[in-house]
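Data file: run.cif. Format and content: mmCIF, C-alpha atoms and all ligand atoms.
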data_input
loop_
_atom_site.label_atom_id
_atom_site.label_comp_id
_atom_site.auth_asym_id
_atom_site.auth_seq_id
_atom_site.Cartn_x
_atom_site.Cartn_y
_atom_site.Cartn_z
CA MET A 1364 15.96 -61.09 -8.91
CA LEU A 1365 13.20 -63.24 -7.46
CA SER A 1366 9.89 -62.10 -8.80
CA THR A 1367 6.40 -62.77 -7.47
CA VAL A 1368 3.09 -62.66 -9.29
CA LEU A 1369 -0.26 -63.25 -7.72
CA TYR A 1370 -3.54 -63.42 -9.61
CA ARG A 1371 -7.04 -64.80 -9.49
CA SER A 1372 -9.28 -66.02 -12.29
CA HIS A 1373 -12.44 -67.99 -13.07
CA LEU A 1374 -12.54 -71.46 -14.55
CA HIS A 1375 -14.53 -71.55 -17.78
CA ASN A 1376 -17.90 -73.29 -17.47
CA HIS A 1377 -17.24 -75.72 -20.26
CA ILE A 1378 -14.04 -77.10 -18.66
CA PRO A 1379 -14.74 -80.28 -16.63
CA ILE A 1380 -13.16 -80.06 -13.21
CA ASN A 1381 -11.12 -83.28 -13.52
CA ARG A 1382 -9.29 -81.66 -16.41
CA VAL A 1383 -7.85 -79.13 -13.96
CA GLN A 1384 -5.64 -81.73 -12.26
CA GLU A 1385 -4.27 -82.84 -15.61
CA MET A 1386 -3.72 -79.29 -16.74
CA VAL A 1387 -1.77 -78.44 -13.62
CA ALA A 1388 0.40 -81.54 -13.85
CA ARG A 1389 1.46 -80.59 -17.34
CA ALA A 1390 2.14 -76.96 -16.45
CA ASN A 1391 4.14 -78.20 -13.51
CA GLU A 1392 6.66 -80.07 -15.59
CA ARG A 1393 7.45 -76.80 -17.30
CA ASN A 1394 7.53 -74.84 -14.06
CA GLN A 1395 10.00 -77.23 -12.50
CA LEU A 1396 12.27 -77.05 -15.53
CA CYS A 1397 12.51 -73.28 -15.43
CA GLY A 1398 12.63 -72.80 -11.68
CA VAL A 1399 9.13 -71.49 -11.07
CA THR A 1400 7.51 -72.44 -7.78
CA GLY A 1401 4.40 -71.35 -5.94
CA ILE A 1402 0.96 -72.51 -5.05
CA LEU A 1403 -2.32 -72.78 -6.90
CA LEU A 1404 -5.57 -72.68 -4.97
CA PHE A 1405 -8.83 -73.78 -6.50
CA ASP A 1406 -12.24 -73.48 -4.87
CA GLY A 1407 -14.31 -75.19 -7.54
CA LEU A 1408 -14.83 -72.01 -9.52
CA HIS A 1409 -11.90 -69.66 -8.94
CA PHE A 1410 -8.17 -70.03 -9.22
CA PHE A 1411 -5.75 -68.13 -7.04
CA GLN A 1412 -2.11 -68.56 -7.94
CA LEU A 1413 1.21 -67.39 -6.58
CA LEU A 1414 4.13 -67.72 -8.98
CA GLU A 1415 7.71 -67.14 -7.90
CA GLY A 1416 10.95 -67.40 -9.84
CA PRO A 1417 13.42 -65.51 -12.01
CA ASP A 1418 11.87 -62.31 -13.34
CA THR A 1419 11.88 -63.07 -17.07
CA VAL A 1420 10.59 -66.62 -16.63
CA VAL A 1421 7.77 -65.55 -14.33
CA LYS A 1422 6.77 -62.86 -16.83
CA GLU A 1423 6.76 -65.34 -19.68
CA ILE A 1424 4.74 -67.97 -17.83
CA PHE A 1425 2.31 -65.36 -16.58
CA HIS A 1426 1.83 -64.14 -20.12
CA ARG A 1427 1.03 -67.68 -21.23
CA ILE A 1428 -1.41 -68.09 -18.35
CA GLY A 1429 -3.07 -64.82 -19.36
CA ILE A 1430 -3.95 -66.03 -22.85
CA ASP A 1431 -5.13 -69.49 -21.77
CA SER A 1432 -8.76 -69.82 -22.80
CA ARG A 1433 -9.60 -72.34 -20.09
CA HIS A 1434 -10.07 -69.57 -17.59
CA HIS A 1435 -11.22 -65.95 -17.81
CA ASN A 1436 -11.63 -62.75 -15.79
CA LEU A 1437 -7.99 -62.92 -14.77
CA VAL A 1438 -7.11 -60.14 -12.32
CA THR A 1439 -3.52 -59.43 -11.33
CA LEU A 1440 -3.43 -58.81 -7.59
CA MET A 1441 0.23 -58.30 -6.92
CA GLN A 1442 3.51 -58.04 -8.82
CA ASP A 1443 6.54 -57.68 -6.61
CA VAL A 1444 9.98 -58.99 -5.76
CA ALA A 1445 10.86 -61.07 -2.72
CA PRO A 1446 14.09 -61.91 -0.90
CA ALA A 1447 13.34 -65.65 -1.02
CA ARG A 1448 10.77 -68.15 -2.22
CA ARG A 1449 7.73 -68.68 -0.06
CA PHE A 1450 6.97 -72.07 -1.57
CA GLY A 1451 10.44 -73.30 -2.49
CA ASN A 1452 9.92 -77.06 -2.29
CA VAL A 1453 6.96 -77.80 -4.39
CA GLY A 1454 7.11 -77.22 -8.13
CA MET A 1455 3.62 -75.85 -8.11
CA GLU A 1456 1.18 -77.54 -5.83
CA LEU A 1457 -2.51 -77.59 -6.60
CA PHE A 1458 -4.40 -77.09 -3.41
CA ASP A 1459 -8.06 -77.97 -3.79
CA LEU A 1460 -9.92 -76.10 -1.10
CA ARG A 1461 -12.92 -78.38 -1.38
CA GLU A 1462 -10.88 -81.15 0.16
CA HIS A 1463 -10.00 -79.11 3.23
CA ASP A 1464 -11.81 -77.76 6.18
CA LYS A 1465 -11.92 -73.96 5.99
CA ALA A 1466 -10.48 -73.60 9.47
CA ASP A 1467 -7.27 -75.56 8.84
CA ALA A 1468 -6.70 -74.69 5.20
CA LEU A 1469 -4.50 -71.70 6.00
CA GLN A 1470 -2.37 -73.70 8.42
CA ALA A 1471 -2.08 -76.52 5.91
CA ILE A 1472 -0.82 -74.01 3.34
CA LEU A 1473 1.55 -72.28 5.76
CA ASP A 1474 3.00 -75.72 6.58
CA LYS A 1475 4.10 -75.94 2.97
CA THR A 1476 6.08 -72.71 3.07
CA THR A 1477 9.86 -72.77 2.99
CA TYR A 1478 10.69 -69.18 3.82
CA ARG A 1479 11.65 -69.22 7.47
CA TYR A 1480 12.04 -65.56 8.30
CA SER A 1481 9.04 -63.53 9.35
CA LEU A 1482 6.79 -65.09 6.76
CA THR A 1483 3.56 -64.71 8.54
CA TYR A 1484 0.66 -62.40 8.48
CA LYS A 1485 2.84 -59.41 7.63
CA ASP A 1486 3.59 -60.72 4.18
CA ARG A 1487 1.18 -59.21 1.62
CA ALA A 1488 1.12 -62.37 -0.49
CA ILE A 1489 0.11 -64.46 2.53
CA GLN A 1490 -2.55 -61.88 3.40
CA PHE A 1491 -3.97 -62.13 -0.12
CA LEU A 1492 -3.98 -65.88 0.23
CA ARG A 1493 -5.79 -65.72 3.52
CA THR A 1494 -8.40 -63.31 2.15
CA PHE A 1495 -9.03 -65.70 -0.73
CA LEU A 1496 -9.37 -68.67 1.65
CA GLU A 1497 -11.81 -66.83 3.82
CA ALA A 1498 -13.68 -65.70 0.70
CA ARG A 1499 -13.81 -62.18 2.09
CA ASP A 1500 -13.33 -60.53 -1.27
CA ARG A 1501 -16.01 -62.31 -3.32
CA ASP A 1502 -18.28 -59.22 -3.49
CA HIS A 1503 -15.67 -57.72 -5.75
CA TYR A 1504 -15.38 -60.67 -8.14
CA PHE A 1505 -17.41 -59.55 -11.08
CA GLU A 1506 -18.45 -62.17 -13.59
CA ILE A 1507 -18.17 -59.94 -16.60
CA PRO A 1508 -19.34 -61.51 -19.85
CA ALA A 1509 -17.05 -61.75 -22.87
CA ALA A 1510 -16.66 -58.58 -24.94
CA ASN A 1511 -18.38 -60.19 -27.93
CA THR A 1512 -21.61 -60.47 -25.93
CA TRP A 1513 -22.29 -56.93 -27.07
CA ASP A 1514 -22.88 -55.16 -30.32
CA PHE A 1515 -22.19 -51.46 -30.41
CA ALA A 1516 -24.78 -50.09 -32.74
CA THR A 1517 -25.26 -46.56 -33.94
CA ASP A 1518 -28.86 -45.69 -34.64
CA GLU A 1519 -28.81 -41.96 -35.16
CA THR A 1520 -26.50 -39.93 -37.37
CA SER A 1521 -23.94 -37.33 -36.38
CA ALA A 1522 -24.83 -33.64 -36.58
CA THR A 1523 -22.09 -31.55 -38.19
CA LEU A 1524 -21.90 -27.83 -38.92
CA PRO A 1525 -22.19 -27.11 -42.64
CA SER A 1526 -18.77 -25.92 -43.83
CA HIS A 1527 -20.04 -22.42 -44.71
CA SER A 1528 -20.91 -21.81 -41.07
CA VAL A 1529 -17.46 -22.73 -39.76
CA ASP A 1530 -15.74 -19.42 -39.03
CA THR A 1531 -12.29 -19.89 -40.56
CA THR A 1532 -11.02 -16.54 -39.32
CA LEU A 1533 -10.92 -17.79 -35.73
CA ASP A 1534 -7.78 -19.27 -34.21
CA CYS A 1535 -9.54 -22.33 -32.82
CA GLN A 1536 -12.30 -24.87 -33.37
CA PHE A 1537 -13.98 -27.38 -31.10
CA ALA A 1538 -14.65 -31.08 -31.25
CA PHE A 1539 -17.45 -32.56 -29.17
CA GLN A 1540 -17.54 -35.91 -27.41
CA PRO A 1541 -20.51 -37.21 -25.42
CA ILE A 1542 -20.52 -38.37 -21.82
CA LEU A 1543 -23.30 -40.91 -21.54
CA ASP A 1544 -25.25 -43.46 -19.57
CA PRO A 1545 -25.31 -46.55 -21.82
CA PHE A 1546 -28.03 -48.51 -20.02
CA SER A 1547 -30.52 -45.67 -19.96
CA ARG A 1548 -29.37 -44.63 -23.45
CA ARG A 1549 -29.02 -41.07 -22.34
CA ILE A 1550 -26.39 -38.50 -23.15
CA THR A 1551 -25.56 -36.63 -19.96
CA SER A 1552 -23.34 -34.01 -21.56
CA TYR A 1553 -21.22 -33.09 -24.58
CA GLU A 1554 -17.64 -32.17 -23.77
CA ALA A 1555 -16.08 -29.44 -25.92
CA LEU A 1556 -12.42 -30.15 -26.78
CA ILE A 1557 -10.35 -27.38 -28.29
CA ARG A 1558 -8.60 -27.82 -31.67
CA THR A 1559 -6.39 -25.67 -33.88
CA PRO A 1560 -7.87 -24.37 -37.17
CA THR A 1561 -6.38 -27.44 -38.87
CA GLY A 1562 -7.81 -29.81 -36.30
CA GLY A 1563 -4.63 -30.07 -34.16
CA SER A 1564 -4.61 -31.08 -30.49
CA PRO A 1565 -5.17 -28.82 -27.45
CA GLU A 1566 -1.46 -29.07 -26.75
CA GLU A 1567 -0.70 -27.68 -30.18
CA TYR A 1568 -3.26 -24.94 -29.74
CA PHE A 1569 -1.89 -23.75 -26.40
CA ALA A 1570 1.75 -24.02 -27.53
CA ALA A 1571 1.21 -20.90 -29.65
CA TYR A 1572 0.57 -18.79 -26.52
CA ASP A 1573 2.90 -17.68 -23.77
CA ASP A 1574 2.14 -18.13 -20.10
CA GLU A 1575 -0.31 -15.33 -19.43
CA ALA A 1576 -1.95 -15.24 -22.87
CA ILE A 1577 -2.98 -18.88 -22.46
CA TYR A 1578 -5.49 -17.96 -19.80
CA HIS A 1579 -7.12 -15.28 -21.93
CA ALA A 1580 -7.27 -17.57 -24.96
CA ASP A 1581 -8.76 -20.28 -22.79
CA ILE A 1582 -11.62 -18.07 -21.59
CA GLN A 1583 -12.18 -16.30 -24.93
CA SER A 1584 -12.41 -19.59 -26.84
CA LYS A 1585 -15.52 -20.55 -24.89
CA ARG A 1586 -17.56 -17.98 -26.80
CA LEU A 1587 -17.16 -20.26 -29.81
CA VAL A 1588 -18.20 -23.36 -27.81
CA PHE A 1589 -21.52 -21.82 -26.90
CA SER A 1590 -22.26 -20.50 -30.39
CA VAL A 1591 -21.35 -23.78 -32.08
CA ALA A 1592 -23.37 -25.73 -29.52
CA GLN A 1593 -26.37 -23.59 -30.31
CA ALA A 1594 -25.83 -23.89 -34.06
CA LEU A 1595 -25.66 -27.68 -33.70
CA GLY A 1596 -29.03 -27.65 -31.98
CA ILE A 1597 -27.84 -28.69 -28.55
CA GLY A 1598 -31.30 -27.93 -27.17
CA GLU A 1599 -31.53 -28.81 -23.51
CA GLN A 1600 -28.46 -31.04 -23.48
CA ARG A 1601 -25.61 -30.09 -21.19
CA ILE A 1602 -22.19 -28.85 -22.32
CA SER A 1603 -18.90 -29.51 -20.53
CA ILE A 1604 -16.08 -27.03 -21.05
CA ASN A 1605 -12.45 -27.41 -19.99
CA LEU A 1606 -10.70 -24.56 -18.22
CA LEU A 1607 -7.34 -24.21 -16.62
CA PRO A 1608 -8.13 -23.36 -12.99
CA MET A 1609 -5.95 -20.27 -13.25
CA SER A 1610 -7.95 -18.99 -16.22
CA LEU A 1611 -10.74 -18.31 -13.76
CA VAL A 1612 -8.36 -16.61 -11.33
CA LYS A 1613 -6.13 -14.61 -13.69
CA VAL A 1614 -8.58 -13.35 -16.29
CA PRO A 1615 -10.52 -10.38 -14.89
CA ASN A 1616 -14.27 -10.99 -15.00
CA ALA A 1617 -13.87 -14.49 -16.44
CA VAL A 1618 -17.08 -15.72 -14.83
CA GLU A 1619 -19.02 -12.69 -16.02
CA PHE A 1620 -17.72 -13.23 -19.55
CA LEU A 1621 -18.82 -16.87 -19.55
CA LEU A 1622 -22.26 -16.01 -18.20
CA ALA A 1623 -22.74 -13.31 -20.83
CA GLU A 1624 -21.77 -15.71 -23.64
CA ILE A 1625 -24.04 -18.41 -22.33
CA ALA A 1626 -26.98 -16.01 -22.34
CA ALA A 1627 -26.06 -14.52 -25.72
CA ASN A 1628 -26.39 -17.99 -27.28
CA GLY A 1629 -29.75 -18.75 -25.78
CA LEU A 1630 -28.34 -21.22 -23.23
CA ILE A 1631 -28.72 -21.29 -19.46
CA PRO A 1632 -25.95 -21.67 -16.83
CA GLN A 1633 -27.52 -24.90 -15.50
CA GLN A 1634 -26.61 -26.51 -18.82
CA VAL A 1635 -22.93 -25.80 -18.37
CA ILE A 1636 -20.33 -27.86 -16.54
CA VAL A 1637 -16.82 -26.54 -16.03
CA GLU A 1638 -14.10 -29.19 -15.94
CA VAL A 1639 -10.82 -28.39 -14.24
CA THR A 1640 -7.77 -30.52 -13.52
CA GLU A 1641 -6.33 -30.63 -10.05
CA ASN A 1642 -2.73 -29.64 -10.83
CA GLU A 1643 -2.94 -25.89 -10.67
CA ILE A 1644 -5.60 -25.51 -8.02
CA ILE A 1645 -3.56 -26.38 -4.98
CA SER A 1646 -1.26 -23.38 -5.18
CA ARG A 1647 -4.08 -20.84 -5.03
CA THR A 1648 -7.03 -22.65 -3.51
CA ASP A 1649 -8.61 -19.58 -1.92
CA GLU A 1650 -8.73 -17.45 -5.04
CA PHE A 1651 -9.91 -20.40 -7.08
CA SER A 1652 -12.66 -21.20 -4.58
CA ALA A 1653 -13.90 -17.62 -4.75
CA GLN A 1654 -14.36 -17.94 -8.53
CA VAL A 1655 -16.01 -21.33 -8.16
CA ARG A 1656 -18.51 -19.83 -5.74
CA LYS A 1657 -19.45 -17.30 -8.41
CA LEU A 1658 -19.88 -20.04 -11.02
CA LYS A 1659 -22.02 -22.13 -8.70
CA ALA A 1660 -24.09 -19.19 -7.52
CA ALA A 1661 -24.98 -18.63 -11.17
CA GLY A 1662 -25.98 -22.30 -11.66
CA ILE A 1663 -22.89 -23.70 -13.39
CA SER A 1664 -21.60 -27.00 -12.01
CA LEU A 1665 -18.07 -28.16 -11.54
CA ALA A 1666 -16.24 -31.35 -12.44
CA LEU A 1667 -12.78 -32.40 -11.35
CA ASP A 1668 -11.07 -33.79 -14.45
CA ASP A 1669 -8.37 -36.49 -14.69
CA PHE A 1670 -8.89 -37.46 -11.07
CA GLY A 1671 -6.11 -39.67 -9.83
CA SER A 1672 -3.47 -38.53 -12.30
CA GLY A 1673 -2.10 -35.58 -10.37
CA PHE A 1674 -0.59 -35.33 -6.96
CA ALA A 1675 -3.25 -33.35 -5.10
CA GLY A 1676 -6.03 -35.92 -5.35
CA LEU A 1677 -7.44 -36.75 -1.99
CA SER A 1678 -6.10 -33.76 -0.10
CA LEU A 1679 -7.71 -31.45 -2.64
CA LEU A 1680 -10.96 -33.33 -2.24
CA SER A 1681 -10.85 -32.76 1.51
CA LYS A 1682 -10.89 -29.00 0.97
CA PHE A 1683 -13.06 -28.75 -2.03
CA GLN A 1684 -15.86 -30.96 -3.37
CA PRO A 1685 -16.95 -30.74 -7.01
CA ASP A 1686 -20.31 -31.95 -8.38
CA LYS A 1687 -18.61 -34.58 -10.51
CA ILE A 1688 -15.34 -36.42 -10.67
CA LYS A 1689 -13.89 -37.84 -13.86
CA ILE A 1690 -11.60 -40.76 -13.19
CA ASP A 1691 -8.44 -40.48 -15.25
CA ARG A 1692 -7.98 -42.75 -18.25
CA GLU A 1693 -4.75 -44.12 -16.80
CA ILE A 1694 -6.78 -45.78 -14.02
CA ILE A 1695 -9.63 -46.85 -16.32
CA SER A 1696 -7.46 -48.54 -18.91
CA ASP A 1697 -7.53 -52.34 -18.38
CA VAL A 1698 -9.24 -51.94 -15.02
CA HIS A 1699 -10.88 -55.34 -15.54
CA LYS A 1700 -7.45 -56.98 -15.29
CA SER A 1701 -5.80 -55.05 -12.48
CA GLY A 1702 -6.33 -55.59 -8.75
CA PRO A 1703 -4.72 -52.27 -7.75
CA LYS A 1704 -6.82 -50.29 -10.27
CA GLN A 1705 -9.98 -52.04 -9.10
CA ALA A 1706 -9.20 -51.23 -5.48
CA ILE A 1707 -8.65 -47.56 -6.38
CA VAL A 1708 -11.89 -47.34 -8.36
CA HIS A 1709 -13.86 -48.96 -5.51
CA ALA A 1710 -12.35 -46.43 -3.09
CA ILE A 1711 -13.15 -43.46 -5.35
CA ILE A 1712 -16.73 -44.68 -5.77
CA LYS A 1713 -17.16 -45.14 -2.03
CA CYS A 1714 -15.67 -41.76 -1.23
CA CYS A 1715 -17.75 -39.98 -3.89
CA SER A 1716 -20.89 -41.73 -2.75
CA SER A 1717 -20.34 -40.47 0.82
CA LEU A 1718 -19.92 -36.98 -0.59
CA GLU A 1719 -22.75 -37.27 -3.15
CA ILE A 1720 -20.34 -36.59 -6.00
CA ALA A 1721 -21.21 -38.15 -9.38
CA VAL A 1722 -18.49 -40.35 -10.91
CA ILE A 1723 -17.62 -40.48 -14.59
CA ALA A 1724 -15.14 -42.92 -16.15
CA GLU A 1725 -13.20 -41.38 -19.01
CA GLY A 1726 -11.19 -42.91 -21.83
CA VAL A 1727 -13.19 -46.15 -21.96
CA GLU A 1728 -11.99 -48.08 -25.00
CA LYS A 1729 -12.90 -51.71 -24.25
CA ALA A 1730 -16.22 -53.37 -23.58
CA GLU A 1731 -14.64 -55.24 -20.64
CA GLU A 1732 -13.59 -51.99 -18.99
CA TRP A 1733 -17.09 -50.60 -19.36
CA MET A 1734 -18.74 -53.78 -18.00
CA TRP A 1735 -16.42 -53.97 -15.02
CA LEU A 1736 -17.08 -50.32 -14.19
CA GLU A 1737 -20.86 -50.81 -14.51
CA ALA A 1738 -20.62 -53.76 -12.13
CA ALA A 1739 -18.65 -51.60 -9.70
CA GLY A 1740 -21.43 -49.00 -9.74
CA ILE A 1741 -20.43 -46.37 -12.31
CA SER A 1742 -23.09 -45.35 -14.80
CA GLN A 1743 -21.55 -42.45 -16.73
CA PHE A 1744 -18.89 -42.99 -19.35
CA GLN A 1745 -16.85 -41.23 -21.99
CA GLY A 1746 -14.56 -42.87 -24.48
CA TYR A 1747 -13.83 -44.14 -27.94
CA LEU A 1748 -15.87 -47.29 -27.23
CA PHE A 1749 -19.04 -45.17 -27.46
CA ALA A 1750 -18.00 -42.15 -29.54
CA ARG A 1751 -14.88 -40.33 -30.67
CA PRO A 1752 -14.74 -36.53 -30.58
CA LEU A 1753 -16.17 -34.98 -33.75
CA LEU A 1754 -14.86 -31.68 -35.10
CA ASN A 1755 -17.63 -29.07 -35.28
CA GLY A 1756 -20.19 -31.76 -34.67
CA LEU A 1757 -22.11 -33.93 -32.27
CA PRO A 1758 -21.08 -37.53 -32.98
CA ALA A 1759 -23.49 -40.43 -33.17
CA VAL A 1760 -23.20 -42.83 -30.24
CA ALA A 1761 -22.50 -46.55 -30.53
CA TRP A 1762 -24.91 -47.88 -27.89
CA PRO A 1763 -24.29 -51.35 -26.50
CA GLU A 1764 -26.86 -54.02 -27.31
CA ILE A 1765 -26.90 -57.65 -26.21
CA LYS A 1766 -26.39 -59.86 -29.24
P1 LIG B 1801 -9.70 -34.14 -21.11
O1 LIG B 1801 -10.50 -32.98 -20.66
O2 LIG B 1801 -9.44 -35.22 -20.14
O3 LIG B 1801 -10.40 -34.65 -22.41
C1 LIG B 1801 -10.42 -35.98 -22.78
C2 LIG B 1801 -9.31 -36.28 -23.75
O4 LIG B 1801 -9.24 -37.69 -23.90
C3 LIG B 1801 -9.56 -35.73 -25.14
O5 LIG B 1801 -8.31 -35.53 -25.75
C4 LIG B 1801 -10.26 -36.89 -25.81
O6 LIG B 1801 -10.15 -36.87 -27.20
C5 LIG B 1801 -9.50 -38.03 -25.24
N1 LIG B 1801 -10.28 -39.27 -25.20
C6 LIG B 1801 -11.59 -39.43 -25.02
N2 LIG B 1801 -11.94 -40.72 -25.04
C7 LIG B 1801 -10.79 -41.40 -25.21
C8 LIG B 1801 -10.49 -42.80 -25.30
O7 LIG B 1801 -11.34 -43.68 -25.22
N3 LIG B 1801 -9.18 -43.12 -25.47
C9 LIG B 1801 -8.20 -42.19 -25.57
N4 LIG B 1801 -6.95 -42.62 -25.76
N5 LIG B 1801 -8.45 -40.88 -25.47
C10 LIG B 1801 -9.74 -40.49 -25.29
P2 LIG B 1801 -7.94 -34.11 -26.36
O8 LIG B 1801 -9.09 -33.56 -27.12
O9 LIG B 1801 -6.62 -34.28 -27.04
O10 LIG B 1801 -7.77 -33.22 -25.09
C11 LIG B 1801 -6.68 -33.36 -24.22
C12 LIG B 1801 -6.83 -32.45 -23.05
O11 LIG B 1801 -6.70 -31.08 -23.42
C13 LIG B 1801 -8.19 -32.50 -22.40
O12 LIG B 1801 -8.26 -33.64 -21.60
C14 LIG B 1801 -8.21 -31.21 -21.63
O13 LIG B 1801 -7.55 -31.36 -20.38
C15 LIG B 1801 -7.41 -30.29 -22.51
N6 LIG B 1801 -8.35 -29.38 -23.19
C16 LIG B 1801 -9.18 -29.62 -24.23
N7 LIG B 1801 -9.90 -28.52 -24.56
C17 LIG B 1801 -9.52 -27.55 -23.68
C18 LIG B 1801 -9.91 -26.19 -23.46
O14 LIG B 1801 -10.77 -25.60 -24.14
N8 LIG B 1801 -9.29 -25.52 -22.43
C19 LIG B 1801 -8.34 -26.13 -21.64
N9 LIG B 1801 -7.78 -25.40 -20.68
N10 LIG B 1801 -7.97 -27.40 -21.82
C20 LIG B 1801 -8.54 -28.11 -22.83
MN MN B 1802 -12.14 -32.66 -19.73
MN MN B 1803 -9.92 -35.96 -18.49
#
With the file now loaded, output its structure as structure tokens.
Ligand code: C2E
Ligand code: MN
Ligand code: MN
Amino acid sequence: MLSTVLYRSHLHNHIPINRVQEMVARANERNQLCGVTGILLFDGLHFFQLLEGPDTVVKEIFHRIGIDSRHHNLVTLMQDVAPARRFGNVGMELFDLREHDKADALQAILDKTTYRYSLTYKDRAIQFLRTFLEARDRDHYFEIPAANTWDFATDETSATLPSHSVDTTLDCQFAFQPILDPFSRRITSYEALIRTPTGGSPEEYFAAYDDEAIYHADIQSKRLVFSVAQALGIGEQRISINLLPMSLVKVPNAVEFLLAEIAANGLIPQQVIVEVTENEIISRTDEFSAQVRKLKAAGISLALDDFGSGFAGLSLLSKFQPDKIKIDREIISDVHKSGPKQAIVHAIIKCCSSLEIAVIAEGVEKAEEWMWLEAAGISQFQGYLFARPLLNGLPAVAWPEIK
């Protein structure tokens, strides 16, 4: 099958421009041998390349391109199959945009195409090419520095419950993980994550319960969150708790129970954020909304968790707007390298900004992901890069510092 890859990248500062020609000529010999064709545009700073050829070969060459240290900030824009080559004649032509007038560059490139049927403005690859030529997308090219520009330094220590105050008769425990704003060095909230008595995952914990009992266990467990938070000296920090949406609907007086436990532990509702995932909400939106109104009337705020992973997404958002949205880890992971993920994050940010909804990126593991997201306009993060969840404790944060 004929495979197509399209990417853009930045030339490294220390590479003299005349070396580019040489580099391309050498790569071309290889491309011709293995049947890879395409076009390479260069504007003096950025590369934009279309590779076409047999699937496995394109993958292999693209992998090699990806680890080449002569360029950086490589973003994959498109990976697709095509019925025929667009640039079948040339091995891989280097097209230096500085030698062409902007107005005829596109025509000059289209003149090189070999695919005769309906290859015009309808073709996504050609549209990408045109956008690059017209430099319409440059606002979204972030020059993110290398990951080793930063040190992640921990300056305070973790706070953990002394073992004698861990209640071992209970059927659950909680781990806490901060959500934070790295540049202002502020923790915006601690998320409580349920664990089994032996430290097992939420999945393991809930597996012990049948359908209906899950909801009761979910609500009941939050008593422990508030008491541990108080014992850990949470002070005026905020606490995020996870709830299945149906726990609020199916457990009688769930909201009243939560409010009573918050008060009993010397906390206030304004400190508490309830995180729900979208999956279950859609079936019973009205009943769920009624419970949410009670939470919000009391001062508790609401976050939509794992946004983008389920199927309700945007239609849910049209009916129901939370205070915060947490973008799912699936979208965050390697966002600095993926054109589609970047487009989705930009759209979520724009949408949330119109609705005055705060955006949190979750599952951030790499410095590059964090820097890209900061450049895109996100300021709140959660992930192993900054702190892992700590059982019965508030973990110390690894704050980024310029080396
Ligand atoms: P979540 O609410 O999206 O919580 C974040 C999960 O991602 C946590 O997993 C956390 O440990 C993990 N995580 C955080 N940063 C990173 C990272 O950088 N990389 C990776 N790979 N993972 C990261 P955990 O604790 O296993 O929780 C899984 C899910 O279980 C939670 O996802 C939440 O939906 C659910 N859950 C946790 N506690 C409760 C609870 O009390 N009630 C209910 N109903 N669900 C809960
Ligand atoms: Mn959560
Ligand atoms: Mn989540």
Checklist entry - Could you name the residues that touch Ala1653 of chain A at 12 Å or less, counting all atoms listed in the file, but leaving out those on the same chain fewer than 2 positions away, as JSON, numbers by chain? => result {"A": [1608, 1609, 1611, 1612, 1618, 1644, 1647, 1648, 1649, 1650, 1651, 1655, 1656, 1657, 1658, 1659, 1660, 1683]}
Take every atom of segment 1682-1689 of chain A listed in the file, pad by 6 Å on each side, and give me the axis-aligned box centre and edge lengths in Å, one decimal, as JSON.
{"center_x": -15.6, "center_y": -33.3, "center_z": -6.4, "size_x": 21.4, "size_y": 21.1, "size_z": 26.8}
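Across the model, the gap from atom CA of Phe1450 of chain A to atom CA of Glu1392 of chain A is 16.1 Å.
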Using all atoms listed in the file, tabulate the residues of chain A lying at most 12 Å from any atom of ligand MN 1802 (chain B), each with its closest atom pair and that distance in Å to one decimal, by chain and increasing residue number, as CSV.
residue,atom,partner,partner_atom,distance
A:Ala1538,CA,B:MN1802,MN,11.9
A:Phe1539,CA,B:MN1802,MN,10.8
A:Gln1540,CA,B:MN1802,MN,9.9
A:Pro1541,CA,B:MN1802,MN,11.1
A:Ile1542,CA,B:MN1802,MN,10.4
A:Ser1552,CA,B:MN1802,MN,11.4
A:Tyr1553,CA,B:MN1802,MN,10.3
A:Glu1554,CA,B:MN1802,MN,6.8
A:Ala1555,CA,B:MN1802,MN,8.0
A:Leu1556,CA,B:MN1802,MN,7.5
A:Ile1557,CA,B:MN1802,MN,10.2
A:Pro1565,CA,B:MN1802,MN,11.1
A:Ile1602,CA,B:MN1802,MN,11.1
A:Ser1603,CA,B:MN1802,MN,7.5
A:Ile1604,CA,B:MN1802,MN,7.0
A:Asn1605,CA,B:MN1802,MN,5.3
A:Leu1606,CA,B:MN1802,MN,8.4
A:Leu1607,CA,B:MN1802,MN,10.2
A:Ile1636,CA,B:MN1802,MN,10.0
A:Val1637,CA,B:MN1802,MN,8.5
A:Glu1638,CA,B:MN1802,MN,5.5
A:Val1639,CA,B:MN1802,MN,7.1
A:Thr1640,CA,B:MN1802,MN,7.9
A:Glu1641,CA,B:MN1802,MN,11.5
A:Leu1665,CA,B:MN1802,MN,11.1
A:Ala1666,CA,B:MN1802,MN,8.5
A:Leu1667,CA,B:MN1802,MN,8.4
A:Asp1668,CA,B:MN1802,MN,5.5
A:Asp1669,CA,B:MN1802,MN,7.4
A:Phe1670,CA,B:MN1802,MN,10.4
A:Lys1687,CA,B:MN1802,MN,11.4
A:Ile1688,CA,B:MN1802,MN,10.3
A:Lys1689,CA,B:MN1802,MN,8.0
A:Ile1690,CA,B:MN1802,MN,10.4
A:Asp1691,CA,B:MN1802,MN,9.7
A:Arg1692,CA,B:MN1802,MN,11.0
A:Ile1723,CA,B:MN1802,MN,10.8
A:Ala1724,CA,B:MN1802,MN,11.3
A:Glu1725,CA,B:MN1802,MN,8.8
A:Gly1726,CA,B:MN1802,MN,10.5
A:Gln1745,CA,B:MN1802,MN,10.0
A:Gly1746,CA,B:MN1802,MN,11.5
A:Pro1752,CA,B:MN1802,MN,11.8
